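Take a look at the structure set out below.
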Amino acid sequence: MNCQQFRAHIPDYLLGVLDPVEQEGIQEHAAACPACRAELESLSAVWTKLGVMPEELPGEGLRTRFYSMLEAYKQGMEHAPRNLGWKSLLSGWWQKFWPQRPALQFGITLLLVATALTAGYFLRGEAAHRADIASLRREVNGTRQMLAVSLLEQPAASKRLYGVNLSTRTDSPNAETLKALLFALENDPSVNIRLAAVDALYLFRNDPVVREGILNALDGQESPLVQIALIDLIVSLREERAAAALKHFIRSKDLIPDVRLRAEEGMQRIRF
Amino acid sequence: MNIGKHQALTDTQVMENVRDGKIEQLAILFERHHVPLFNFLVRLTGSRQVSEDLVQEIFCRILKYRHSYRGTSKFTTWLFQIARNAHIDHLRKQKSTYPLEEQWEEPTGPDPAPENEFETGAEIALLQQAMSRLSVKKREVLILSRFHGMKYREIADLMGCQIGTVKAHVHRAVKELGRIYFEISGGSIS
């Protein structure tokens, strides 16, 4: 093997895919040629060094956004219009734009008022309107929560999913919002929505009612995907009751191997 | 959807089902691939936020272009082709407003042991900085071969080039990365 052939084999050497003959050729040439040996050592060191770069996990919101998109796409396919004239299209567009639910109509109206008042803030003096803005923020926050709870009661899965997403955008959710999220986690027929509820409740996991609800929700879940998401959420609670809940879950349920393994690993990972 | 009962299906079978109208099965592919995809993009862009947005965009594109899936090559090859295109479109939109190096964020992976924490964190930051100075193509081949266990043949299929070209890119990328790391760290790589 000459120097050119040696260099051509370096990428395969790094990936560890050389056959024994090639491997031997590389080693023999490296022993005889100091320049090639130095290059091989240098490149191997870089290759190995890259191993310190950690694997990262995406944020909790990514899964929620994906399932929202998927649900919305499915709904869109189911309700795709066929052969509509321009009048019906225009009417449909308006109906789509202006929701039928009074709660949503109220919410949009409130947001329009908020926009107008915010514009007024810039037209009038700053100091006099700080209190108005703070008050508006509270109102918008309250409206969001009201909308979220209202949406969580809708028959369409896409609307319930939007309700879960909306609840995560509130500053400090009230008891009714949290109750609705916990209800969705335990009872919603859609796996996607139960998963979204798990992600949303992760944000509010410091609330005592939420913690209690999360710990009690595991037994009722049949979907392995929700079971795994919930196990991770329970582990993140880092308390003694979490370990007990996982132990009980492992003993009381006929689990698929992946879920059982995740629960057992979770018990090991819990640090109080 | 009960994802557990679909565990035996290959990626290609699942994607063919998605193409044929069972779009809810896209959830299976999301659960299998969104973390590797996210890591590919984080290492390519250096930004967690951009990478999360791109993962979402990639799965939207899969739905949009599902009818074009033929199943003749590995699903991951098709998936990473979409990922590369989404990344290229993202770079075009950005129009190089900011140098890539300035967009890199602090890594948020698993915590290293306390005694090595500082040293390892510094090494990771230096490596990320060095990676950001490589061309996009060199970064791609390096990430796919080093972190995703892709064979050079698969990378060549993915990038539409000869296997020899991929190997040459890998060789140059590793060499250049070592040189840049040496420069910015003021020491040796070993």
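In the structure tokens, each chain is lettered A, B, ... as it comes, each chain's residues begin at 1, and ligands are numbered from 1 in order of appearance.
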For this session: Could you give me, as a list in words, the residues within 12 Å of Cys161 of chain B, counting only C-alpha atoms and dropping anything in the same chain fewer than 6 positions from it?
Result: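 Contacts, in chain order: Lys137, Val141, Tyr152, Arg153, Glu154, Ile155, Lys167, Ala168 and His169 of chain B.
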Just N, CA and C atoms for this one: save the residues we selected as a compact mmCIF listing (two decimals), in the first residue's frame.
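Contents of result_23.txt, freshly written:
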# COMPACT_ATOMS: atom_id res chain seq x y z
N LYS B 137 -21.93 21.16 3.39
CA LYS B 137 -21.78 19.81 2.83
C LYS B 137 -20.84 18.96 3.70
N VAL B 141 -21.93 15.44 5.78
CA VAL B 141 -21.33 14.09 5.66
C VAL B 141 -20.71 13.66 6.99
N TYR B 152 -21.27 4.97 3.78
CA TYR B 152 -20.96 5.95 2.74
C TYR B 152 -21.86 5.78 1.51
N ARG B 153 -22.26 4.53 1.24
CA ARG B 153 -23.15 4.27 0.11
C ARG B 153 -24.50 4.99 0.31
N GLU B 154 -25.03 4.90 1.55
CA GLU B 154 -26.32 5.56 1.83
C GLU B 154 -26.19 7.07 1.71
N ILE B 155 -25.05 7.61 2.21
CA ILE B 155 -24.86 9.07 2.14
C ILE B 155 -24.74 9.50 0.67
N LYS B 167 -16.45 9.95 0.56
CA LYS B 167 -15.25 9.62 1.35
C LYS B 167 -14.27 10.80 1.35
N ALA B 168 -14.13 11.43 0.18
CA ALA B 168 -13.21 12.58 0.11
C ALA B 168 -13.71 13.71 1.02
N HIS B 169 -15.03 13.93 1.03
CA HIS B 169 -15.61 14.98 1.89
C HIS B 169 -15.35 14.65 3.37
Problem set entry | Distance-based interface of chain A with chain B, 8 Å, counting only C-alpha atoms, as a PyMOL selection string | chain A and resi 8+10-12+15+42-43+45-47+49-50+52-59+62+65-67+69-70+74+190-192+223-225
Print the selection's residues with C-alpha atoms to a file, as a compact mmCIF listing (two decimals), in the first residue's frame.
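New file result_37.txt:
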# COMPACT_ATOMS: atom_id res chain seq x y z
CA ALA A 8 -8.01 6.70 0.37
CA ILE A 10 -8.74 6.52 6.00
CA PRO A 11 -12.52 7.24 5.86
CA ASP A 12 -13.27 3.49 5.95
CA LEU A 15 -15.95 4.17 10.21
CA SER A 42 -4.57 13.13 14.17
CA LEU A 43 -7.75 12.22 12.24
CA ALA A 45 -8.23 11.76 17.56
CA VAL A 46 -10.71 14.21 15.98
CA TRP A 47 -13.11 11.36 15.17
CA LYS A 49 -13.22 13.59 20.21
CA LEU A 50 -16.56 14.08 18.43
CA VAL A 52 -18.18 14.01 23.59
CA MET A 53 -20.95 15.84 21.74
CA PRO A 54 -24.12 14.79 23.59
CA GLU A 55 -27.37 13.55 22.13
CA GLU A 56 -30.01 16.16 22.74
CA LEU A 57 -33.73 15.75 23.31
CA PRO A 58 -36.22 18.16 21.77
CA GLY A 59 -38.54 20.20 23.99
CA LEU A 62 -42.49 19.49 19.60
CA ARG A 65 -47.16 20.58 17.77
CA PHE A 66 -46.74 17.47 15.63
CA TYR A 67 -49.93 15.83 16.90
CA MET A 69 -50.67 19.30 12.90
CA LEU A 70 -51.56 15.66 12.24
CA LYS A 74 -56.88 14.59 9.25
CA SER A 190 -58.00 10.27 21.39
CA VAL A 191 -54.46 9.10 22.15
CA ASN A 192 -53.10 12.27 20.54
CA SER A 223 -52.09 2.98 25.09
CA PRO A 224 -48.36 2.12 25.40
CA LEU A 225 -47.47 5.53 23.98
For this session: Point out the residue among A:Lys247, A:Lys179, A:Arg238, A:Arg144 with the least atom-to-atom distance to Val210 of chain A, counting only C-alpha atoms.
Result: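 Closest to Val210 of chain A, using only C-alpha atoms: A:Lys179.
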Problem set entry | 9 Å contact set for Cys3 of chain A, only C-alpha atoms, chain neighbours under 4 positions out, as a PyMOL selection string | chain A and resi 7-8+29+33+36
Exercise. Any idea what's packed within 8 Å of Ile214 of chain A, counting only C-alpha atoms, ignoring anything in its chain fewer than 2 positions away? Could you give it as a PyMOL selection string?
Worked result: chain A and resi 182+210-212+216-218+230+233-234
For this session: For atom CA of Gly46 of chain B and atom CA of Arg63 of chain A, determine how far apart the two atoms are, in Å to one decimal place.
Result: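 Going from atom CA of Gly46 of chain B over to atom CA of Arg63 of chain A covers 20.4 Å.
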For this session: Choose the residue, out of A:Phe6, A:Tyr73, A:Tyr13, A:Phe204, that has the smallest atom-to-atom separation from Thr177 of chain A; count only C-alpha atoms.
Result: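 Looking only at the distances to Thr177 of chain A, the closest residue turns out to be A:Phe204.
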For this session: Report the distance between atom CA of Gln13 of chain B and atom CA of Phe80 of chain B in Å, rounded to one decimal place.
Result: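 Interatomic distance here is 17.5 Å.
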